$ cat entry13.cif   # mmCIF, C-alpha atoms
data_input
loop_
_atom_site.group_PDB
_atom_site.id
_atom_site.type_symbol
_atom_site.label_atom_id
_atom_site.label_comp_id
_atom_site.auth_asym_id
_atom_site.auth_seq_id
_atom_site.Cartn_x
_atom_site.Cartn_y
_atom_site.Cartn_z
ATOM 1 C CA MET O 1 -151.933 -10.554 92.023
ATOM 2 C CA SER O 2 -152.889 -8.380 89.085
ATOM 3 C CA THR O 3 -155.512 -5.715 89.302
ATOM 4 C CA PRO O 4 -158.659 -5.984 87.162
ATOM 5 C CA ALA O 5 -157.583 -2.879 85.215
ATOM 6 C CA ALA O 6 -154.193 -4.385 84.403
ATOM 7 C CA ALA O 7 -155.742 -7.711 83.409
ATOM 8 C CA ALA O 8 -158.172 -5.929 81.067
ATOM 9 C CA ASP O 9 -155.494 -3.909 79.226
ATOM 10 C CA PRO O 10 -155.435 -5.286 75.673
ATOM 11 C CA HIS O 11 -152.066 -3.607 75.043
ATOM 12 C CA ASP O 12 -150.447 -6.508 76.912
ATOM 13 C CA VAL O 13 -151.862 -9.111 74.497
ATOM 14 C CA LEU O 14 -149.626 -9.944 71.546
ATOM 15 C CA GLY O 15 -152.533 -10.758 69.226
ATOM 16 C CA TYR O 16 -154.136 -7.382 69.922
ATOM 17 C CA LEU O 17 -150.870 -5.553 69.251
ATOM 18 C CA LEU O 18 -150.158 -7.437 66.025
ATOM 19 C CA LYS O 19 -153.719 -6.976 64.774
ATOM 20 C CA HIS O 20 -153.757 -3.247 65.431
ATOM 21 C CA ALA O 21 -150.247 -2.702 64.096
ATOM 22 C CA ASN O 22 -151.273 -4.541 60.912
ATOM 23 C CA GLN O 23 -154.449 -2.462 60.619
ATOM 24 C CA ARG O 24 -152.465 0.761 60.977
ATOM 25 C CA LEU O 25 -149.863 -0.320 58.426
ATOM 26 C CA ALA O 26 -152.579 -1.472 55.993
ATOM 27 C CA ALA O 27 -154.393 1.865 56.318
ATOM 28 C CA LEU O 28 -151.184 3.829 55.648
ATOM 29 C CA THR O 29 -150.280 1.571 52.723
ATOM 30 C CA ASP O 30 -153.740 1.636 51.160
ATOM 31 C CA ALA O 31 -153.877 5.439 51.431
ATOM 32 C CA ALA O 32 -150.435 5.757 49.808
ATOM 33 C CA LEU O 33 -151.323 3.377 46.962
ATOM 34 C CA ALA O 34 -154.870 4.668 46.326
ATOM 35 C CA PRO O 35 -153.766 7.376 43.843
ATOM 36 C CA LEU O 36 -152.276 4.576 41.724
ATOM 37 C CA GLY O 37 -155.583 2.698 41.682
ATOM 38 C CA ILE O 38 -154.302 -0.213 43.776
ATOM 39 C CA ASP O 39 -154.209 -1.287 47.414
ATOM 40 C CA GLY O 40 -151.866 -3.325 49.593
ATOM 41 C CA LYS O 41 -153.248 -6.665 48.394
ATOM 42 C CA ASP O 42 -152.725 -5.629 44.783
ATOM 43 C CA PHE O 43 -149.190 -4.513 45.619
ATOM 44 C CA GLY O 44 -148.419 -7.950 47.037
ATOM 45 C CA ALA O 45 -149.405 -9.567 43.748
ATOM 46 C CA LEU O 46 -147.411 -7.007 41.759
ATOM 47 C CA ARG O 47 -144.304 -7.752 43.866
ATOM 48 C CA VAL O 48 -144.578 -11.449 43.033
ATOM 49 C CA LEU O 49 -145.179 -10.762 39.344
ATOM 50 C CA ALA O 50 -142.389 -8.184 39.090
ATOM 51 C CA GLY O 51 -139.844 -10.976 39.512
ATOM 52 C CA GLY O 52 -139.796 -11.190 35.745
ATOM 53 C CA GLU O 53 -140.466 -14.874 35.183
ATOM 54 C CA PRO O 54 -143.896 -15.782 33.845
ATOM 55 C CA THR O 55 -145.910 -17.412 36.595
ATOM 56 C CA SER O 56 -149.298 -19.033 36.920
ATOM 57 C CA GLN O 57 -152.250 -17.680 38.877
ATOM 58 C CA LEU O 58 -151.897 -20.623 41.242
ATOM 59 C CA GLN O 59 -148.215 -19.901 41.880
ATOM 60 C CA VAL O 60 -149.007 -16.278 42.737
ATOM 61 C CA ALA O 61 -151.790 -17.394 45.095
ATOM 62 C CA GLN O 62 -149.506 -19.910 46.793
ATOM 63 C CA ARG O 63 -146.700 -17.377 47.166
ATOM 64 C CA LEU O 64 -149.081 -14.920 48.835
ATOM 65 C CA GLY O 65 -150.861 -17.542 50.923
ATOM 66 C CA VAL O 66 -154.327 -16.802 49.510
ATOM 67 C CA ASP O 67 -156.937 -19.098 48.025
ATOM 68 C CA ARG O 68 -157.425 -19.409 44.271
ATOM 69 C CA THR O 69 -160.837 -17.733 44.265
ATOM 70 C CA THR O 70 -159.451 -14.638 45.987
ATOM 71 C CA MET O 71 -156.508 -14.563 43.581
ATOM 72 C CA VAL O 72 -158.755 -14.818 40.519
ATOM 73 C CA ALA O 73 -160.851 -11.866 41.736
ATOM 74 C CA LEU O 74 -157.727 -9.806 42.477
ATOM 75 C CA LEU O 75 -156.205 -10.573 39.065
ATOM 76 C CA ASP O 76 -159.531 -9.887 37.311
ATOM 77 C CA ALA O 77 -159.504 -6.379 38.805
ATOM 78 C CA LEU O 78 -155.848 -5.781 37.897
ATOM 79 C CA GLU O 79 -156.475 -7.040 34.371
ATOM 80 C CA ARG O 80 -159.432 -4.649 33.942
ATOM 81 C CA LYS O 81 -157.095 -1.812 34.958
ATOM 82 C CA GLY O 82 -154.532 -2.888 32.347
ATOM 83 C CA ILE O 83 -151.908 -3.726 35.018
ATOM 84 C CA VAL O 84 -151.646 -7.470 34.331
ATOM 85 C CA ALA O 85 -152.320 -9.709 31.364
ATOM 86 C CA ARG O 86 -153.177 -13.394 31.402
ATOM 87 C CA ARG O 87 -152.547 -15.847 28.628
ATOM 88 C CA PRO O 88 -152.742 -19.610 28.317
ATOM 89 C CA ASP O 89 -149.542 -21.439 29.242
ATOM 90 C CA PRO O 90 -148.180 -22.935 25.993
ATOM 91 C CA ALA O 91 -146.977 -26.003 27.949
ATOM 92 C CA ASP O 92 -150.351 -26.547 29.672
ATOM 93 C CA ARG O 93 -153.305 -24.685 28.171
ATOM 94 C CA ARG O 94 -155.357 -25.327 31.333
ATOM 95 C CA ARG O 95 -153.061 -22.923 33.206
ATOM 96 C CA ASN O 96 -153.005 -19.166 32.863
ATOM 97 C CA ILE O 97 -149.700 -17.325 32.887
ATOM 98 C CA VAL O 98 -149.894 -13.889 34.499
ATOM 99 C CA GLU O 99 -147.498 -11.078 33.665
ATOM 100 C CA LEU O 100 -147.251 -7.373 34.305
ATOM 101 C CA THR O 101 -148.095 -5.185 31.340
ATOM 102 C CA GLU O 102 -146.004 -2.115 30.521
ATOM 103 C CA GLN O 103 -148.503 -0.109 32.563
ATOM 104 C CA GLY O 104 -148.143 -2.723 35.317
ATOM 105 C CA HIS O 105 -144.368 -2.253 35.432
ATOM 106 C CA GLU O 106 -144.834 1.522 35.643
ATOM 107 C CA THR O 107 -147.477 1.154 38.360
ATOM 108 C CA PHE O 108 -145.250 -1.214 40.311
ATOM 109 C CA ALA O 109 -142.261 1.165 40.122
ATOM 110 C CA ARG O 110 -144.356 4.023 41.503
ATOM 111 C CA ALA O 111 -146.046 1.753 44.050
ATOM 112 C CA ARG O 112 -142.671 0.614 45.461
ATOM 113 C CA VAL O 113 -141.830 4.218 46.287
ATOM 114 C CA GLU O 114 -145.232 4.887 47.861
ATOM 115 C CA HIS O 115 -145.190 1.607 49.788
ATOM 116 C CA ALA O 116 -141.712 2.310 51.170
ATOM 117 C CA GLY O 117 -142.911 5.750 52.293
ATOM 118 C CA ALA O 118 -145.909 4.226 54.071
ATOM 119 C CA GLU O 119 -143.684 1.682 55.817
ATOM 120 C CA GLY O 120 -141.329 4.484 56.801
ATOM 121 C CA ARG O 121 -144.187 6.482 58.337
ATOM 122 C CA PHE O 122 -145.374 3.379 60.174
ATOM 123 C CA LEU O 123 -141.916 2.657 61.579
ATOM 124 C CA ALA O 124 -141.041 6.295 62.341
ATOM 125 C CA ALA O 125 -141.872 5.817 66.027
ATOM 126 C CA ILE O 126 -138.930 3.420 66.476
ATOM 127 C CA ASP O 127 -135.251 3.732 65.582
ATOM 128 C CA PRO O 128 -133.894 2.030 62.420
ATOM 129 C CA ASP O 129 -132.170 -0.764 64.381
ATOM 130 C CA ALA O 130 -135.435 -1.596 66.161
ATOM 131 C CA ALA O 131 -137.283 -1.524 62.824
ATOM 132 C CA ALA O 132 -134.776 -3.951 61.295
ATOM 133 C CA GLN O 133 -135.049 -6.224 64.339
ATOM 134 C CA LEU O 134 -138.853 -6.127 64.150
ATOM 135 C CA ARG O 135 -138.704 -7.227 60.512
ATOM 136 C CA ARG O 136 -136.268 -10.067 61.328
ATOM 137 C CA THR O 137 -138.379 -11.223 64.269
ATOM 138 C CA LEU O 138 -141.635 -11.220 62.318
ATOM 139 C CA ARG O 139 -139.981 -13.027 59.403
ATOM 140 C CA ALA O 140 -138.692 -15.709 61.792
ATOM 141 C CA LEU O 141 -142.161 -16.163 63.262
ATOM 142 C CA VAL O 142 -143.774 -16.463 59.828
ATOM 143 C CA GLU O 143 -141.129 -18.752 58.340
ATOM 144 C CA ARG O 144 -140.880 -21.046 61.352
ATOM 145 C CA ALA O 145 -144.566 -21.666 61.949
ATOM 146 C CA GLU O 146 -145.453 -24.977 63.578
ATOM 147 C CA PRO O 147 -146.360 -27.801 61.199
ATOM 148 C CA GLY O 148 -150.104 -27.991 60.754
ATOM 149 C CA THR O 149 -150.662 -24.256 61.035
ATOM 150 C CA PRO O 150 -152.403 -22.571 58.103
ATOM 151 C CA PRO O 151 -149.898 -21.796 55.378
ATOM 152 C CA GLY O 152 -148.593 -18.293 55.227
ATOM 153 C CA PRO O 153 -146.843 -16.671 52.342
ATOM 154 C CA GLY O 154 -143.432 -17.967 51.437
ATOM 155 C CA PRO O 155 -140.499 -15.632 51.533
ATOM 156 C CA ALA O 156 -141.619 -12.610 49.580
ATOM 157 C CA PRO O 157 -139.263 -10.781 47.283
ATOM 158 C CA ARG O 158 -137.759 -7.799 49.059
ATOM 159 C CA GLY O 159 -137.268 -4.525 47.408
#
$ encode --input "entry13.cif" --output "structure tokens"
Amino acid sequence: MSTPAAAADPHDVLGYLLKHANQRLAALTDAALAPLGIDGKDFGALRVLAGGEPTSQLQVAQRLGVDRTTMVALLDALERKGIVARRPDPADRRRNIVELTEQGHETFARARVEHAGAEGRFLAAIDPDAAAQLRRTLRALVERAEPGTPPGPGPAPRG
């Protein structure tokens, strides 16, 4: 029989651990990216756009697992900063194509370095093999979600 103190320890609950690990990683990432004028959400969009192929706002939103309204607001902010540019799709003028500007490519290059440093600081408490296993395990959980669960992001570009 468990003691009341043991039953009340949130450190035994997976959801608690994932939530607080995510909050810590997000705080480290946001702090590292702040000097570049972006945050972790912006970096996610830049990673998708850095693939090189022109893509629509909707495709970026779907890749990141966010709704269109959120994506429009995020891209509006990045466009005001000169990091992305939108233009009508010549094949379908109802769609907007989003691309990184020259400044966007420069920001992304610097952000990759800062983001990797933040991840490194986050994972410093565990050895590299454990960090690699954590990444593989989390990827498996995200990619193999039960049908009917809310969609998560598809496989994100690594790098």
$ residues_around --input "entry13.cif" --residues "O:Ala27" --least-positions-apart "2" --cutoff "12 Å" --atoms "all atoms listed in the file" --output "list in words"
His20, Ala21, Asn22, Gln23, Arg24, Leu25, Thr29, Asp30, Ala31, Ala32, Leu33, Ala34, Asp39, Gly40, Lys41, His115, Ala118, Glu119, Arg121 and Phe122 of chain O
$ write_last_selection --input "entry13.cif" --atoms "C-alpha atoms" --output "compact mmCIF listing (two decimals), in the frame of the given file"
# COMPACT_ATOMS: atom_id res chain seq x y z
CA HIS O 20 -153.76 -3.25 65.43
CA ALA O 21 -150.25 -2.70 64.10
CA ASN O 22 -151.27 -4.54 60.91
CA GLN O 23 -154.45 -2.46 60.62
CA ARG O 24 -152.46 0.76 60.98
CA LEU O 25 -149.86 -0.32 58.43
CA THR O 29 -150.28 1.57 52.72
CA ASP O 30 -153.74 1.64 51.16
CA ALA O 31 -153.88 5.44 51.43
CA ALA O 32 -150.44 5.76 49.81
CA LEU O 33 -151.32 3.38 46.96
CA ALA O 34 -154.87 4.67 46.33
CA ASP O 39 -154.21 -1.29 47.41
CA GLY O 40 -151.87 -3.32 49.59
CA LYS O 41 -153.25 -6.66 48.39
CA HIS O 115 -145.19 1.61 49.79
CA ALA O 118 -145.91 4.23 54.07
CA GLU O 119 -143.68 1.68 55.82
CA ARG O 121 -144.19 6.48 58.34
CA PHE O 122 -145.37 3.38 60.17
$ residues_near_point --input "entry13.cif" --point "(-148.5, -15.4, 33.4)" --cutoff "6 Å" --atoms "all atoms listed in the file" --output "list in words"
Pro54, Thr55, Ser56, Arg86, Asn96, Ile97, Val98 and Glu99 of chain O
$ resolve_selection --input "entry13.cif" --expression "the PyMOL selection byres ((chain O and resi 66) around 12)" --output "PDB file with C-alpha atoms, in the frame of the given file"
ATOM      1  CA  LYS O  41    -153.248  -6.665  48.394  1.00  0.00           C
ATOM      2  CA  GLY O  44    -148.419  -7.950  47.037  1.00  0.00           C
ATOM      3  CA  ALA O  45    -149.405  -9.567  43.748  1.00  0.00           C
ATOM      4  CA  GLN O  57    -152.250 -17.680  38.877  1.00  0.00           C
ATOM      5  CA  LEU O  58    -151.897 -20.623  41.242  1.00  0.00           C
ATOM      6  CA  GLN O  59    -148.215 -19.901  41.880  1.00  0.00           C
ATOM      7  CA  VAL O  60    -149.007 -16.278  42.737  1.00  0.00           C
ATOM      8  CA  ALA O  61    -151.790 -17.394  45.095  1.00  0.00           C
ATOM      9  CA  GLN O  62    -149.506 -19.910  46.793  1.00  0.00           C
ATOM     10  CA  ARG O  63    -146.700 -17.377  47.166  1.00  0.00           C
ATOM     11  CA  LEU O  64    -149.081 -14.920  48.835  1.00  0.00           C
ATOM     12  CA  GLY O  65    -150.861 -17.542  50.923  1.00  0.00           C
ATOM     13  CA  ASP O  67    -156.937 -19.098  48.025  1.00  0.00           C
ATOM     14  CA  ARG O  68    -157.425 -19.409  44.271  1.00  0.00           C
ATOM     15  CA  THR O  69    -160.837 -17.733  44.265  1.00  0.00           C
ATOM     16  CA  THR O  70    -159.451 -14.638  45.987  1.00  0.00           C
ATOM     17  CA  MET O  71    -156.508 -14.563  43.581  1.00  0.00           C
ATOM     18  CA  VAL O  72    -158.755 -14.818  40.519  1.00  0.00           C
ATOM     19  CA  ALA O  73    -160.851 -11.866  41.736  1.00  0.00           C
ATOM     20  CA  LEU O  74    -157.727  -9.806  42.477  1.00  0.00           C
ATOM     21  CA  PRO O 150    -152.403 -22.571  58.103  1.00  0.00           C
ATOM     22  CA  PRO O 151    -149.898 -21.796  55.378  1.00  0.00           C
ATOM     23  CA  GLY O 152    -148.593 -18.293  55.227  1.00  0.00           C
ATOM     24  CA  PRO O 153    -146.843 -16.671  52.342  1.00  0.00           C
ATOM     25  CA  GLY O 154    -143.432 -17.967  51.437  1.00  0.00           C
TER      26      GLY O 154
END
$ resolve_selection --input "entry13.cif" --expression "the PyMOL selection byres ((chain O and resi 100-110) around 7)" --output "MDAnalysis selection string"
chainID O and resid 36 46 49:50 82:85 99 111:114
$ write_last_selection --input "entry13.cif" --atoms "C-alpha atoms" --output "compact mmCIF listing (two decimals), in the frame of the given file"
# COMPACT_ATOMS: atom_id res chain seq x y z
CA LEU O 36 -152.28 4.58 41.72
CA LEU O 46 -147.41 -7.01 41.76
CA LEU O 49 -145.18 -10.76 39.34
CA ALA O 50 -142.39 -8.18 39.09
CA GLY O 82 -154.53 -2.89 32.35
CA ILE O 83 -151.91 -3.73 35.02
CA VAL O 84 -151.65 -7.47 34.33
CA ALA O 85 -152.32 -9.71 31.36
CA GLU O 99 -147.50 -11.08 33.66
CA ALA O 111 -146.05 1.75 44.05
CA ARG O 112 -142.67 0.61 45.46
CA VAL O 113 -141.83 4.22 46.29
CA GLU O 114 -145.23 4.89 47.86
$ closest_residue --input "entry13.cif" --among "O:Arg93, O:Gly120, O:Ala130, O:His11" --to "O:Leu28" --atoms "all atoms listed in the file"
O:Gly120
$ atom_distance --input "entry13.cif" --atom1 "atom CA of O:Leu18" --atom2 "atom CA of O:Leu138"
10.0 Å
$ build_atoms --input "entry13.cif" --residues "stretch 77-88 of chain O" --atoms "all heavy atoms" --output "mmCIF file, in the frame of the given file"
data_model
loop_
_atom_site.group_PDB
_atom_site.id
_atom_site.type_symbol
_atom_site.label_atom_id
_atom_site.label_comp_id
_atom_site.auth_asym_id
_atom_site.auth_seq_id
_atom_site.Cartn_x
_atom_site.Cartn_y
_atom_site.Cartn_z
ATOM 1 N N ALA O 77 -159.482 -7.836 38.612
ATOM 2 C CA ALA O 77 -159.504 -6.379 38.805
ATOM 3 C C ALA O 77 -158.250 -5.733 38.220
ATOM 4 O O ALA O 77 -158.332 -4.692 37.550
ATOM 5 C CB ALA O 77 -159.648 -6.045 40.285
ATOM 6 N N LEU O 78 -157.090 -6.341 38.439
ATOM 7 C CA LEU O 78 -155.848 -5.781 37.897
ATOM 8 C C LEU O 78 -155.824 -5.861 36.371
ATOM 9 O O LEU O 78 -155.310 -4.959 35.708
ATOM 10 C CB LEU O 78 -154.634 -6.513 38.488
ATOM 11 C CG LEU O 78 -154.358 -6.264 39.969
ATOM 12 C CD1 LEU O 78 -153.224 -7.167 40.461
ATOM 13 C CD2 LEU O 78 -154.044 -4.805 40.239
ATOM 14 N N GLU O 79 -156.417 -6.910 35.826
ATOM 15 C CA GLU O 79 -156.475 -7.040 34.371
ATOM 16 C C GLU O 79 -157.390 -5.968 33.775
ATOM 17 O O GLU O 79 -157.062 -5.364 32.747
ATOM 18 C CB GLU O 79 -156.953 -8.445 33.995
ATOM 19 C CG GLU O 79 -156.797 -8.765 32.523
ATOM 20 C CD GLU O 79 -157.060 -10.232 32.226
ATOM 21 O OE1 GLU O 79 -157.961 -10.839 32.855
ATOM 22 O OE2 GLU O 79 -156.357 -10.772 31.361
ATOM 23 N N ARG O 80 -158.519 -5.708 34.424
ATOM 24 C CA ARG O 80 -159.432 -4.649 33.942
ATOM 25 C C ARG O 80 -158.748 -3.286 33.940
ATOM 26 O O ARG O 80 -159.044 -2.436 33.104
ATOM 27 C CB ARG O 80 -160.693 -4.594 34.802
ATOM 28 C CG ARG O 80 -161.716 -5.661 34.479
ATOM 29 C CD ARG O 80 -163.056 -5.409 35.147
ATOM 30 N NE ARG O 80 -162.961 -5.375 36.596
ATOM 31 C CZ ARG O 80 -163.050 -6.438 37.395
ATOM 32 N NH1 ARG O 80 -163.235 -7.643 36.876
ATOM 33 N NH2 ARG O 80 -162.967 -6.308 38.697
ATOM 34 N N LYS O 81 -157.822 -3.086 34.860
ATOM 35 C CA LYS O 81 -157.095 -1.812 34.958
ATOM 36 C C LYS O 81 -155.912 -1.754 33.992
ATOM 37 O O LYS O 81 -155.225 -0.737 33.910
ATOM 38 C CB LYS O 81 -156.586 -1.599 36.385
ATOM 39 C CG LYS O 81 -157.696 -1.428 37.392
ATOM 40 C CD LYS O 81 -157.139 -1.379 38.806
ATOM 41 C CE LYS O 81 -158.273 -1.360 39.821
ATOM 42 N NZ LYS O 81 -157.761 -1.378 41.206
ATOM 43 N N GLY O 82 -155.643 -2.857 33.294
ATOM 44 C CA GLY O 82 -154.532 -2.888 32.347
ATOM 45 C C GLY O 82 -153.171 -3.096 33.006
ATOM 46 O O GLY O 82 -152.139 -2.875 32.378
ATOM 47 N N ILE O 83 -153.153 -3.566 34.261
ATOM 48 C CA ILE O 83 -151.908 -3.726 35.018
ATOM 49 C C ILE O 83 -151.298 -5.104 34.804
ATOM 50 O O ILE O 83 -150.078 -5.251 34.818
ATOM 51 C CB ILE O 83 -152.170 -3.425 36.510
ATOM 52 C CG1 ILE O 83 -152.537 -1.943 36.667
ATOM 53 C CG2 ILE O 83 -150.993 -3.805 37.382
ATOM 54 C CD1 ILE O 83 -152.999 -1.556 38.060
ATOM 55 N N VAL O 84 -152.133 -6.120 34.614
ATOM 56 C CA VAL O 84 -151.646 -7.470 34.331
ATOM 57 C C VAL O 84 -152.345 -7.996 33.092
ATOM 58 O O VAL O 84 -153.415 -7.517 32.704
ATOM 59 C CB VAL O 84 -151.867 -8.460 35.509
ATOM 60 C CG1 VAL O 84 -151.186 -7.978 36.770
ATOM 61 C CG2 VAL O 84 -153.326 -8.755 35.734
ATOM 62 N N ALA O 85 -151.717 -8.989 32.499
ATOM 63 C CA ALA O 85 -152.320 -9.709 31.364
ATOM 64 C C ALA O 85 -152.172 -11.195 31.651
ATOM 65 O O ALA O 85 -151.172 -11.643 32.211
ATOM 66 C CB ALA O 85 -151.615 -9.345 30.065
ATOM 67 N N ARG O 86 -153.203 -11.935 31.267
ATOM 68 C CA ARG O 86 -153.177 -13.394 31.402
ATOM 69 C C ARG O 86 -153.237 -14.000 30.017
ATOM 70 O O ARG O 86 -153.905 -13.474 29.136
ATOM 71 C CB ARG O 86 -154.374 -13.877 32.235
ATOM 72 C CG ARG O 86 -154.236 -13.533 33.688
ATOM 73 C CD ARG O 86 -155.382 -14.101 34.476
ATOM 74 N NE ARG O 86 -156.506 -13.178 34.440
ATOM 75 C CZ ARG O 86 -157.509 -13.190 35.303
ATOM 76 N NH1 ARG O 86 -157.553 -14.085 36.268
ATOM 77 N NH2 ARG O 86 -158.477 -12.335 35.210
ATOM 78 N N ARG O 87 -152.528 -15.110 29.888
ATOM 79 C CA ARG O 87 -152.547 -15.847 28.628
ATOM 80 C C ARG O 87 -152.406 -17.324 28.949
ATOM 81 O O ARG O 87 -151.860 -17.689 29.987
ATOM 82 C CB ARG O 87 -151.435 -15.379 27.700
ATOM 83 C CG ARG O 87 -150.048 -15.576 28.271
ATOM 84 C CD ARG O 87 -148.961 -15.087 27.308
ATOM 85 N NE ARG O 87 -147.668 -15.049 27.952
ATOM 86 C CZ ARG O 87 -146.889 -16.104 28.175
ATOM 87 N NH1 ARG O 87 -147.272 -17.300 27.784
ATOM 88 N NH2 ARG O 87 -145.717 -15.979 28.760
ATOM 89 N N PRO O 88 -152.904 -18.173 28.079
ATOM 90 C CA PRO O 88 -152.742 -19.610 28.317
ATOM 91 C C PRO O 88 -151.261 -19.988 28.313
ATOM 92 O O PRO O 88 -150.477 -19.459 27.532
ATOM 93 C CB PRO O 88 -153.476 -20.264 27.146
ATOM 94 C CG PRO O 88 -154.387 -19.210 26.621
ATOM 95 C CD PRO O 88 -153.705 -17.899 26.901
#
